[in-house]
Each structure stands twice: as structure tokens, then as C-alpha cells.
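Participant: Sharing input18.txt here; it has compact mmCIF, C-alpha atoms and all ligand atoms.
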# COMPACT_ATOMS: atom_id res chain seq x y z
CA MET A 1 7.92 -18.25 -6.16
CA ARG A 2 7.61 -14.57 -5.34
CA ALA A 3 7.42 -11.84 -7.98
CA TYR A 4 6.51 -8.15 -8.14
CA ARG A 5 3.51 -7.10 -10.21
CA LEU A 6 1.88 -3.79 -11.11
CA ASP A 7 -1.85 -3.86 -11.90
CA LYS A 8 -2.08 -0.20 -12.96
CA THR A 9 0.34 2.52 -13.89
CA GLY A 10 0.99 5.08 -11.19
CA GLY A 11 4.42 4.46 -9.75
CA PRO A 12 6.57 2.05 -7.79
CA GLY A 13 4.35 2.63 -4.75
CA ASP A 14 1.75 0.48 -6.56
CA LEU A 15 4.10 -2.52 -6.76
CA LYS A 16 2.72 -5.70 -5.17
CA LEU A 17 4.74 -8.72 -4.07
CA VAL A 18 2.73 -11.78 -5.11
CA GLU A 19 3.11 -15.56 -4.85
CA LEU A 20 2.96 -17.32 -8.24
CA PRO A 21 3.33 -20.96 -9.35
CA ASP A 22 6.93 -21.90 -10.27
CA PRO A 23 7.19 -21.44 -14.05
CA ALA A 24 8.43 -24.22 -16.35
CA PRO A 25 10.45 -23.73 -19.53
CA GLY A 26 9.00 -24.72 -22.91
CA ALA A 27 10.87 -25.57 -26.12
CA GLY A 28 13.85 -23.25 -26.65
CA GLU A 29 13.43 -21.72 -23.20
CA VAL A 30 15.35 -21.89 -19.95
CA LEU A 31 14.31 -21.27 -16.35
CA VAL A 32 16.55 -18.71 -14.65
CA ARG A 33 16.78 -18.25 -10.88
CA ILE A 34 17.19 -14.49 -10.73
CA ALA A 35 19.89 -13.47 -8.24
CA ALA A 36 19.98 -9.71 -8.82
CA VAL A 37 18.14 -6.96 -10.67
CA SER A 38 19.32 -3.47 -11.53
CA LEU A 39 16.97 -0.51 -11.81
CA ASN A 40 16.75 1.93 -14.68
CA SER A 41 15.06 5.30 -15.18
CA ARG A 42 13.13 3.51 -17.89
CA ASP A 43 11.58 1.15 -15.33
CA LEU A 44 10.32 4.17 -13.41
CA ALA A 45 8.84 5.63 -16.61
CA VAL A 46 7.15 2.30 -17.40
CA MET A 47 5.55 2.18 -13.93
CA ARG A 48 4.46 5.83 -14.08
CA GLY A 49 2.87 5.35 -17.51
CA THR A 50 5.19 7.88 -19.16
CA TYR A 51 7.42 5.43 -21.05
CA GLY A 52 6.27 6.43 -24.55
CA PHE A 53 6.49 2.85 -25.85
CA GLY A 54 3.89 0.15 -25.48
CA ILE A 55 3.31 -1.58 -22.14
CA THR A 56 0.82 -4.23 -21.06
CA LEU A 57 -0.80 -4.79 -17.66
CA PRO A 58 -0.50 -6.54 -15.32
CA LEU A 59 3.14 -5.60 -15.58
CA ALA A 60 6.14 -7.67 -14.51
CA PRO A 61 8.67 -4.88 -13.90
CA CYS A 62 12.39 -4.43 -14.68
CA SER A 63 14.38 -5.17 -17.80
CA ASP A 64 17.66 -6.04 -16.13
CA GLY A 65 18.32 -9.25 -14.27
CA ALA A 66 21.12 -11.75 -13.80
CA GLY A 67 21.01 -15.24 -12.41
CA GLU A 68 21.63 -18.92 -12.87
CA VAL A 69 20.00 -21.31 -15.33
CA ILE A 70 18.24 -24.00 -13.27
CA ALA A 71 16.35 -25.90 -15.99
CA ALA A 72 16.35 -26.12 -19.78
CA GLY A 73 13.39 -26.93 -22.03
CA PRO A 74 13.45 -29.24 -25.06
CA GLY A 75 15.88 -28.26 -27.84
CA VAL A 76 17.93 -25.80 -25.77
CA ARG A 77 21.55 -25.75 -27.00
CA ARG A 78 23.19 -22.49 -25.94
CA PHE A 79 22.85 -22.83 -22.15
CA ALA A 80 22.67 -25.53 -19.48
CA PRO A 81 21.80 -25.61 -15.77
CA GLY A 82 24.51 -23.90 -13.74
CA ASP A 83 25.30 -21.24 -16.37
CA ARG A 84 25.42 -17.64 -15.14
CA VAL A 85 23.41 -15.44 -17.50
CA ALA A 86 21.75 -12.08 -18.09
CA ALA A 87 18.87 -11.35 -20.45
CA THR A 88 19.11 -8.91 -23.33
CA PHE A 89 16.86 -5.82 -23.16
CA PHE A 90 15.17 -6.71 -26.49
CA PRO A 91 14.50 -10.45 -26.81
CA ASP A 92 14.37 -10.26 -30.63
CA TRP A 93 17.37 -8.04 -31.56
CA ARG A 94 20.18 -10.51 -32.06
CA ASP A 95 22.55 -8.62 -34.37
CA GLY A 96 22.76 -6.19 -37.26
CA GLU A 97 20.98 -2.87 -37.62
CA VAL A 98 17.99 -1.83 -35.57
CA SER A 99 14.59 -2.62 -37.13
CA ALA A 100 10.96 -2.26 -36.07
CA SER A 101 10.70 -5.98 -35.34
CA ALA A 102 13.99 -6.06 -33.38
CA VAL A 103 12.75 -3.51 -30.85
CA ALA A 104 9.04 -4.38 -30.84
CA ALA A 105 9.23 -6.24 -27.51
CA SER A 106 11.32 -5.51 -24.42
CA PHE A 107 11.52 -7.08 -21.00
CA GLY A 108 9.94 -5.22 -18.08
CA ALA A 109 7.22 -3.58 -20.17
CA GLY A 110 4.73 -6.44 -20.18
CA ALA A 111 4.33 -10.01 -18.99
CA THR A 112 8.03 -10.81 -18.52
CA GLY A 113 10.18 -8.74 -16.18
CA MET A 114 13.14 -9.60 -14.00
CA LEU A 115 11.89 -8.56 -10.54
CA ALA A 116 10.96 -12.15 -9.65
CA GLU A 117 12.64 -15.14 -8.07
CA GLN A 118 12.34 -17.20 -11.26
CA VAL A 119 11.80 -16.20 -14.90
CA VAL A 120 11.38 -18.30 -18.04
CA LEU A 121 13.36 -16.80 -20.92
CA PRO A 122 14.06 -17.75 -24.54
CA GLU A 123 17.64 -19.04 -24.67
CA GLU A 124 18.27 -16.73 -27.65
CA ALA A 125 17.62 -13.74 -25.38
CA LEU A 126 20.45 -14.61 -22.99
CA VAL A 127 24.16 -13.86 -22.80
CA ALA A 128 26.78 -15.44 -20.54
CA LEU A 129 27.98 -13.21 -17.69
CA PRO A 130 31.64 -12.21 -17.57
CA ALA A 131 33.19 -14.68 -15.09
CA HIS A 132 34.72 -12.06 -12.79
CA LEU A 133 31.43 -10.23 -12.15
CA SER A 134 29.02 -10.84 -9.26
CA PHE A 135 25.32 -11.26 -10.06
CA GLU A 136 24.70 -7.68 -8.90
CA GLU A 137 27.39 -6.41 -11.27
CA GLY A 138 26.07 -8.60 -14.08
CA ALA A 139 22.56 -7.23 -13.56
CA CYS A 140 23.87 -3.73 -14.35
CA LEU A 141 24.77 -4.65 -17.93
CA PRO A 142 21.62 -5.25 -20.06
CA CYS A 143 20.22 -1.70 -20.34
CA ALA A 144 22.71 0.89 -19.05
CA GLY A 145 25.83 -1.04 -20.07
CA VAL A 146 24.71 -1.98 -23.57
CA THR A 147 23.29 1.51 -24.19
CA ALA A 148 26.62 3.08 -23.26
CA TRP A 149 28.51 0.55 -25.39
CA HIS A 150 26.20 1.21 -28.36
CA SER A 151 26.65 4.98 -27.91
CA THR A 152 30.44 4.92 -27.72
CA MET A 153 31.74 1.76 -29.35
CA ALA A 154 29.24 0.19 -31.73
CA TRP A 155 28.22 2.98 -34.08
CA HIS A 156 30.80 5.55 -35.27
CA ALA A 157 32.98 4.11 -32.50
CA VAL A 158 35.10 6.51 -30.46
CA ARG A 159 38.69 6.71 -31.66
CA ALA A 160 41.76 7.27 -29.52
CA GLY A 161 42.41 10.97 -29.03
CA GLU A 162 38.78 12.01 -29.54
CA SER A 163 36.87 13.87 -26.84
CA VAL A 164 33.60 12.65 -25.33
CA LEU A 165 31.09 14.55 -23.20
CA ILE A 166 29.03 12.58 -20.68
CA GLN A 167 26.14 14.02 -18.69
CA GLY A 168 25.67 13.27 -15.01
CA SER A 169 26.70 10.25 -12.98
CA GLY A 170 23.85 7.83 -13.58
CA GLY A 171 23.95 4.28 -14.91
CA VAL A 172 24.48 5.01 -18.62
CA SER A 173 26.94 7.87 -18.12
CA VAL A 174 29.28 6.04 -15.73
CA PHE A 175 29.47 3.10 -18.17
CA ALA A 176 30.08 5.53 -21.06
CA LEU A 177 32.95 7.07 -19.11
CA ALA A 178 34.60 3.65 -18.75
CA PHE A 179 34.15 2.69 -22.41
CA ALA A 180 35.32 6.04 -23.78
CA ARG A 181 38.44 5.79 -21.63
CA LEU A 182 39.00 2.26 -22.90
CA ALA A 183 38.99 3.65 -26.45
CA GLY A 184 41.62 6.21 -25.51
CA ALA A 185 39.31 9.22 -25.58
CA ARG A 186 39.47 12.34 -23.43
CA VAL A 187 36.33 12.47 -21.29
CA ILE A 188 34.62 15.62 -20.06
CA ALA A 189 31.76 15.09 -17.61
CA ILE A 190 29.07 17.44 -16.32
CA SER A 191 27.34 16.80 -13.01
CA GLY A 192 25.02 18.74 -10.72
CA SER A 193 27.07 17.80 -7.66
CA ASP A 194 30.67 18.67 -6.79
CA ALA A 195 31.03 15.49 -4.74
CA LYS A 196 29.95 13.43 -7.77
CA ARG A 197 32.30 15.45 -10.01
CA ARG A 198 35.17 14.37 -7.78
CA ARG A 199 34.10 10.72 -8.05
CA LEU A 200 33.87 11.05 -11.84
CA GLU A 201 37.42 12.42 -11.83
CA GLU A 202 38.57 9.51 -9.65
CA LEU A 203 37.08 7.17 -12.27
CA GLY A 204 39.12 8.89 -14.96
CA ALA A 205 37.16 11.90 -16.25
CA ASP A 206 39.77 14.35 -17.54
CA ALA A 207 37.69 17.43 -16.70
CA THR A 208 34.33 18.08 -15.06
CA VAL A 209 31.88 20.97 -14.93
CA ASN A 210 29.01 21.54 -12.48
CA TYR A 211 25.96 22.20 -14.66
CA ARG A 212 24.07 23.78 -11.76
CA THR A 213 26.66 26.40 -10.85
CA THR A 214 27.85 26.82 -14.48
CA ALA A 215 24.57 27.21 -16.36
CA ASP A 216 26.41 27.87 -19.65
CA TRP A 217 28.37 24.62 -19.36
CA ASP A 218 28.55 24.39 -23.14
CA ARG A 219 30.91 27.39 -23.15
CA ALA A 220 32.99 25.77 -20.40
CA VAL A 221 33.24 22.57 -22.47
CA LEU A 222 34.23 24.58 -25.54
CA GLU A 223 36.99 26.25 -23.50
CA LEU A 224 38.17 22.86 -22.24
CA THR A 225 38.58 21.76 -25.87
CA GLY A 226 40.43 24.90 -26.99
CA GLY A 227 37.27 26.21 -28.67
CA ALA A 228 36.92 23.17 -30.96
CA GLY A 229 34.15 21.28 -29.13
CA VAL A 230 33.81 17.57 -28.36
CA ASP A 231 33.63 14.79 -30.96
CA LEU A 232 30.80 12.92 -29.23
CA VAL A 233 28.09 13.74 -26.70
CA VAL A 234 26.30 10.89 -24.93
CA GLU A 235 23.05 12.81 -24.48
CA VAL A 236 20.92 11.65 -21.54
CA GLY A 237 19.33 15.01 -20.70
CA GLY A 238 16.97 15.47 -23.66
CA ALA A 239 15.07 18.70 -24.33
CA GLY A 240 16.68 20.65 -21.47
CA THR A 241 20.27 19.88 -22.48
CA LEU A 242 20.30 19.21 -26.23
CA ALA A 243 20.80 22.85 -27.29
CA ARG A 244 23.86 23.17 -25.03
CA SER A 245 25.13 19.76 -26.18
CA LEU A 246 25.05 21.12 -29.73
CA GLY A 247 26.84 24.22 -28.48
CA ALA A 248 29.58 22.04 -26.96
CA LEU A 249 29.92 19.90 -30.12
CA LYS A 250 32.72 20.04 -32.68
CA VAL A 251 31.74 20.86 -36.28
CA GLY A 252 31.03 17.42 -37.78
CA GLY A 253 30.62 15.91 -34.31
CA ARG A 254 28.05 13.37 -33.27
CA ILE A 255 25.40 13.08 -30.59
CA ALA A 256 24.19 9.71 -29.32
CA LEU A 257 20.63 10.58 -28.28
CA VAL A 258 19.93 8.29 -25.35
CA GLY A 259 17.71 9.92 -22.74
CA VAL A 260 15.14 12.52 -21.92
CA LEU A 261 15.81 13.09 -18.21
CA THR A 262 14.86 16.77 -18.51
CA GLY A 263 11.79 16.01 -20.63
CA ARG A 264 10.69 16.27 -24.22
CA GLY A 265 10.31 19.34 -26.44
CA GLU A 266 10.98 20.98 -29.78
CA ILE A 267 14.32 20.77 -31.60
CA ASN A 268 15.73 23.82 -33.39
CA PRO A 269 17.34 22.42 -36.54
CA MET A 270 19.63 25.44 -37.15
CA PRO A 271 22.41 24.63 -34.65
CA MET A 272 22.41 21.05 -35.91
CA LEU A 273 22.84 22.27 -39.46
CA ARG A 274 25.49 24.84 -38.47
CA LYS A 275 27.52 22.13 -36.71
CA SER A 276 26.95 19.52 -39.46
CA ALA A 277 26.00 17.38 -36.48
CA HIS A 278 25.27 13.67 -36.74
CA LEU A 279 22.48 12.93 -34.31
CA TYR A 280 21.46 9.31 -33.88
CA GLY A 281 18.83 7.83 -31.61
CA ILE A 282 19.92 4.91 -29.47
CA ARG A 283 17.62 2.00 -28.51
CA VAL A 284 19.74 0.04 -26.02
CA GLY A 285 21.37 -2.45 -28.42
CA SER A 286 21.54 -5.96 -29.80
CA ARG A 287 22.68 -9.25 -28.29
CA GLU A 288 25.76 -9.03 -30.49
CA MET A 289 26.64 -5.64 -28.94
CA PHE A 290 26.06 -7.12 -25.47
CA GLU A 291 28.43 -10.00 -26.24
CA GLN A 292 31.08 -7.67 -27.66
CA MET A 293 30.79 -5.46 -24.58
CA ASN A 294 31.14 -8.48 -22.31
CA ALA A 295 34.29 -9.54 -24.17
CA ALA A 296 35.80 -6.09 -23.51
CA ILE A 297 34.64 -6.12 -19.88
CA SER A 298 36.25 -9.54 -19.36
CA ARG A 299 39.46 -8.67 -21.22
CA HIS A 300 39.98 -5.47 -19.22
CA GLY A 301 38.56 -6.68 -15.90
CA LEU A 302 36.03 -3.81 -15.82
CA ARG A 303 33.43 -3.67 -13.05
CA PRO A 304 30.14 -1.73 -13.10
CA VAL A 305 29.87 0.98 -10.44
CA ILE A 306 27.12 0.08 -7.96
CA ASP A 307 25.73 2.76 -5.69
CA ARG A 308 23.62 0.56 -3.41
CA VAL A 309 22.09 -2.91 -3.22
CA PHE A 310 18.60 -3.29 -1.68
CA ALA A 311 16.94 -6.48 -0.39
CA PHE A 312 14.15 -8.11 -2.43
CA GLY A 313 11.48 -6.88 -0.02
CA GLU A 314 12.71 -3.28 -0.40
CA ALA A 315 11.81 -2.72 -4.06
CA VAL A 316 9.70 0.38 -3.37
CA ALA A 317 12.53 1.96 -1.35
CA ALA A 318 15.03 1.03 -4.09
CA PHE A 319 12.96 2.84 -6.72
CA ALA A 320 12.53 5.84 -4.43
CA HIS A 321 16.32 5.98 -4.10
CA LEU A 322 16.71 5.91 -7.89
CA ALA A 323 14.05 8.59 -8.31
CA SER A 324 15.82 10.83 -5.79
CA GLY A 325 18.76 11.19 -8.20
CA SER A 326 21.21 10.95 -5.31
CA HIS A 327 22.76 7.74 -6.67
CA PHE A 328 26.09 7.41 -8.45
CA GLY A 329 26.14 4.59 -11.02
CA LYS A 330 23.68 1.75 -10.57
CA VAL A 331 21.04 0.81 -8.00
CA CYS A 332 20.42 -2.94 -7.53
CA ILE A 333 18.08 -5.33 -5.77
CA ARG A 334 19.34 -8.68 -4.51
CA VAL A 335 16.78 -11.41 -5.18
CA GLY A 336 16.44 -14.51 -3.04
CA GLU A 337 18.37 -15.23 0.14
N1 LIG B 401 17.51 5.14 -25.42
C1 LIG B 401 17.87 4.10 -24.68
O1 LIG B 401 18.05 3.00 -25.18
C2 LIG B 401 18.07 4.29 -23.22
C3 LIG B 401 18.73 3.32 -22.46
C4 LIG B 401 19.01 3.58 -21.11
C5 LIG B 401 18.59 4.77 -20.55
N2 LIG B 401 17.90 5.66 -21.32
C6 LIG B 401 17.51 6.95 -20.77
O2 LIG B 401 18.70 7.67 -20.49
C7 LIG B 401 18.51 8.50 -19.36
C8 LIG B 401 19.55 8.15 -18.30
O3 LIG B 401 19.33 6.86 -17.84
P1 LIG B 401 20.09 6.30 -16.56
O4 LIG B 401 19.52 4.97 -16.29
O5 LIG B 401 21.55 6.47 -16.73
O6 LIG B 401 19.56 7.33 -15.47
P2 LIG B 401 20.00 7.55 -13.98
O7 LIG B 401 20.90 6.45 -13.52
O8 LIG B 401 18.78 7.82 -13.21
O9 LIG B 401 20.89 8.88 -14.07
C9 LIG B 401 20.37 10.11 -13.83
C10 LIG B 401 21.51 11.12 -13.69
O10 LIG B 401 21.49 12.03 -14.78
C11 LIG B 401 22.03 13.25 -14.38
N3 LIG B 401 21.21 14.38 -14.81
C12 LIG B 401 19.96 14.68 -14.43
N4 LIG B 401 19.58 15.85 -14.98
C13 LIG B 401 20.64 16.29 -15.71
C14 LIG B 401 20.89 17.45 -16.48
N5 LIG B 401 19.98 18.42 -16.61
N6 LIG B 401 22.09 17.57 -17.07
C15 LIG B 401 23.03 16.63 -16.93
N7 LIG B 401 22.86 15.50 -16.20
C16 LIG B 401 21.69 15.35 -15.60
C17 LIG B 401 22.13 13.22 -12.85
O11 LIG B 401 23.52 13.08 -12.52
P3 LIG B 401 24.22 14.09 -11.47
O12 LIG B 401 23.54 13.84 -10.17
O13 LIG B 401 25.66 13.69 -11.50
O14 LIG B 401 23.99 15.48 -11.99
C18 LIG B 401 21.33 12.00 -12.48
O15 LIG B 401 21.82 11.34 -11.32
C19 LIG B 401 17.06 8.28 -18.92
O16 LIG B 401 16.25 9.25 -19.56
C20 LIG B 401 16.75 6.90 -19.48
O17 LIG B 401 15.38 6.69 -19.66
C21 LIG B 401 17.65 5.45 -22.62
Produce C-alpha cells that represent the structure in this file.
Facilitator:
Amino acid sequence: MRAYRLDKTGGPGDLKLVELPDPAPGAGEVLVRIAAVSLNSRDLAVMRGTYGFGITLPLAPCSDGAGEVIAAGPGVRRFAPGDRVAATFFPDWRDGEVSASAVAASFGAGATGMLAEQVVLPEEALVALPAHLSFEEGACLPCAGVTAWHSTMAWHAVRAGESVLIQGSGGVSVFALAFARLAGARVIAISGSDAKRRRLEELGADATVNYRTTADWDRAVLELTGGAGVDLVVEVGGAGTLARSLGALKVGGRIALVGVLTGRGEINPMPMLRKSAHLYGIRVGSREMFEQMNAAISRHGLRPVIDRVFAFGEAVAAFAHLASGSHFGKVCIRVGE
């Protein structure tokens, strides 16, 4: 079978397509024929060596894959050949609160990643795909989907009538828009592109602001909320946006700290204190969150928004597309035929 490998950190340009022996499942494991993979900013950071969490080389890239179970090892009970599945981001976080052991290992940061024709996975690290989704759509769920669900629905869940600020039109934010709307929230979105703002509005954003042409977008968001501020910010920007997110926040509001797209830096505690802000770091989420999200996706017939699907041989071009920031929603790779 064919799989991508990275022998050294540098970037996706260092990816190599290699031929490996077909893997076989051991006890409690299944063999999955991967049909589609979705790309995340995190996968880029892993390959560039800037991830900030442990990685091992040679690296099997990508956390997010979906496919079909084609063989089951001894003792497997949860899945059987023919089942359509996706892997969780963290193989060991099944349910409950986050803990050091739950997030110690993640797919796509070491020996097991999804950018391969076949992958052996522990059955406990799998969830069933919603029946109405294609493999490409299913592959969008493990990182961006679960992170957005965790941020909006699993911890201090959004209540109907609340207001939610999302940042940009990438994988996490477009999912967060869908989930916040599902909860009955008013959604305000910022984007650096007017064309993307229009698409966000078509997907249900109640108001949008261009953060490039309106540098003080926090004031614009305050105005859009009658001066009160939003109840929740799904923060993907990091150091370059956090101060304005706090400015746009309601007193007593909350910030789900997800990403660092603009980089890392110092935090001034004063605005946090002044706003009595609740700031909580998000690490993707548990299998239980994934299953709850899938139940909602199935019940409401939701579909992930896919920007573009690349062929298996085009992995480097797919990552270059993600890195360009021109995408809207998710970027995928189709694996196999
Ligand atoms: N903590 C976790 O568990 C977790 C999980 C998933 C992702 N993440 C992190 O979350 C971040 C987003 O991930 P993703 O996969 O959704 O990324 P993505 O698909 O690459 O989305 C990037 C988008 O963010 C927007 N953006 C960039 N700079 C911005 C700024 N200054 N202000 C507002 N929006 C800005 C842009 O949208 P426009 O073009 O519309 O402006 C850009 O297209 C990354 O840092 C990622 O590593 C963390």
C-alpha cells in the first residue's frame, strides 16, 4: 500500500510517497481502507516543526481520515468489515474531562497518520460516520468539527438567543457557525475577504465584518450587539486577535481559545479581569463529544463545507492550497481510486 511519510520537519514539500507492506490488525484493532483525508492547519504546523506538542519522526501525517473497515483483529466488538468510520483526534480520550493522559497521543504527529491507503487503528479510537455523509465529508469531522462542537456545545454550551463571534472562514470557524446556529444563537463573523463574508452570510451568519478594512473590528462587533458585546468568541487568531476578542466580549462572556493563526505572544490580564471573562483552552475533544456531534449532524442533516478535493498524488499541492489561506471551509484529499 502507498502512504506519505516525512523524514524531517521542514514542510509539506518534504513529503514522500512510499510503498509499505499492507498492515495487519492486532488484538482490539481494525484495518481501515482510508477513502478520504482532510487537512488542518495543525498538520502544516506538525510538518514545519512548529506544532508546540511532541512529534516523532519518521512522521505519518494527518489526523483526519475516513474510510471503511476491511478487517478486524481478535476481540474486536465495536466494528466489523464494511463499517464506515472516522478516527478520533486523540486515541485515548474517550469521555469526561480533559487530562494529561487523554491528550498525550494524537494521530498525525507520529507513527500513525491518515494520509495512507490503509491504517491499523484501535477500535476504541473510531466512531461511525453519519450515514448521509460522503467519505470526504466524514473526513472533515475529527479535528475541525469536534473542536467547533467542543467550543460551542460541549462546555458552557451556547444557549438560544446568545451571540457568538467566529473568526474567518476556515475549517473550525465554518463548523462553529453551523453549530451556533443550531443552538439558536446569533452569529457574527469576521473575515479578511468580502467574497467570503458573503458566503458566511449565505450560510447563516447574521452579520459580518471585514477585519482587514475595519481594523477596529471589536468596536464594530460591540455596535452590532448594541454595545453589550458577544457571549462567546471562538478564538482561532491567537496573539494578534485576542485583545480585540476581549474588546468585543460581553462582561461575563467566554472565549474558547482554539487557535494561534496570528502567532503566540503575551496576554494582558487586565481586560480579562475587567470583562470577568472566562477563557478556556480547547484541545479538540473526546470520542464522546465526537459521537454527540455526529448525532446532531445526522438528526439535522448537516454537511461539512468542502472547499476543494485533491487527488492522492497531489498532497503537496493540497497543503499549498491550505497554506495560501484562500480556502473556505475544508480542504480534502481523496485516497485510492
Ligand atoms: N486547539 C485545538 O484543539 C485546535 C483544533 C483545530 C484547529 N486549531 C487551530 O485553530 C486555528 C484554525 O484552524 P483551521 O483548521 O480552522 O484553520 P484554517 O482552515 O486554515 O482557517 C484559517 C482561516 O482563518 C482566518 N484568519 C486568518 N487570520 C485571521 C485573523 N487575523 N483574524 C481572523 N481570522 C483570521 C482566515 O479566514 P478568512 O480568509 O475568512 O479571513 C483563514 O482562511 C489554527 O491555528 C489551528 O491550528 C486548534
Participant: Once you count only C-alpha atoms and all ligand atoms, which residues end up within 7 Å of ligand LIG 401 (chain B), and could you hand them over as a PyMOL selection string?
Facilitator: chain A and resi 40-42+143-144+147+167-173+190-193+196+211+236-237+240-241+257-262+281-284+322-323+325-330
Participant: From the options A:Leu177, A:Leu141, A:Leu224, A:Ala205, which residue's atoms come nearest to Met293 in chain A, counting only C-alpha atoms?
Facilitator: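 Looking at the shortest contact to Met293 in chain A, the residue is A:Leu141.
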Participant: Choose the residue, out of A:Leu200, A:Ala295, A:Val69, A:Ala157, that has the smallest atom-to-atom separation from Ala180 in chain A; count all atoms listed in the file.
Facilitator: A:Ala157
Participant: Any chance you could tabulate, as JSON lines, the residues of range 293-328 of chain A at most 12 Å from range 58-65 of chain A with each one's nearest atom pair and distance in Å to one decimal, using all atoms listed in the file, in chain and rising number order?
Facilitator:
{"residue": "A:Ala315", "atom": "CA", "partner": "A:Pro61", "partner_atom": "CA", "distance": 10.6}
{"residue": "A:Val316", "atom": "CA", "partner": "A:Pro61", "partner_atom": "CA", "distance": 11.8}
{"residue": "A:Phe319", "atom": "CA", "partner": "A:Cys62", "partner_atom": "CA", "distance": 10.8}
Participant: With distances taken over all atoms listed in the file, which residue among A:Ile333, A:Phe290, A:Leu246, A:Met1 lies nearest Ser276 in chain A?
Facilitator: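 Checking each of A:Ile333, A:Phe290, A:Leu246, A:Met1 against Ser276 in chain A, counting all atoms listed in the file, the winner is A:Leu246.
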Participant: When distances are computed from only C-alpha atoms, which of A:Glu162, A:Asp218, A:Asp307, A:Asp22 shows the smallest separation from Ala183 in chain A?
Facilitator: A:Glu162
Participant: Contacts of Arg287 in chain A at 9 Å or less, counting all atoms listed in the file, minus same-chain residues fewer than 2 places along, as a PyMOL selection string?
Facilitator: chain A and resi 87-95+124-127+146+285+289-292
Participant: Now that the selection is made, can you save its residues with C-alpha atoms as a compact mmCIF listing (two decimals), in the coordinates of the input?
Facilitator:
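What ended up in part_7.txt:
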# COMPACT_ATOMS: atom_id res chain seq x y z
CA ALA A 87 18.87 -11.35 -20.45
CA THR A 88 19.11 -8.91 -23.33
CA PHE A 89 16.86 -5.82 -23.16
CA PHE A 90 15.17 -6.71 -26.49
CA PRO A 91 14.50 -10.45 -26.81
CA ASP A 92 14.37 -10.26 -30.63
CA TRP A 93 17.37 -8.04 -31.56
CA ARG A 94 20.18 -10.51 -32.06
CA ASP A 95 22.55 -8.62 -34.37
CA GLU A 124 18.27 -16.73 -27.65
CA ALA A 125 17.62 -13.74 -25.38
CA LEU A 126 20.45 -14.61 -22.99
CA VAL A 127 24.16 -13.86 -22.80
CA VAL A 146 24.71 -1.98 -23.57
CA GLY A 285 21.37 -2.45 -28.42
CA MET A 289 26.64 -5.64 -28.94
CA PHE A 290 26.06 -7.12 -25.47
CA GLU A 291 28.43 -10.00 -26.24
CA GLN A 292 31.08 -7.67 -27.66
Participant: Expressed in Å to a single decimal, how great is the separation between CA of Ser99 in chain A and CA of Ser38 in chain A?
Facilitator: 26.0 Å
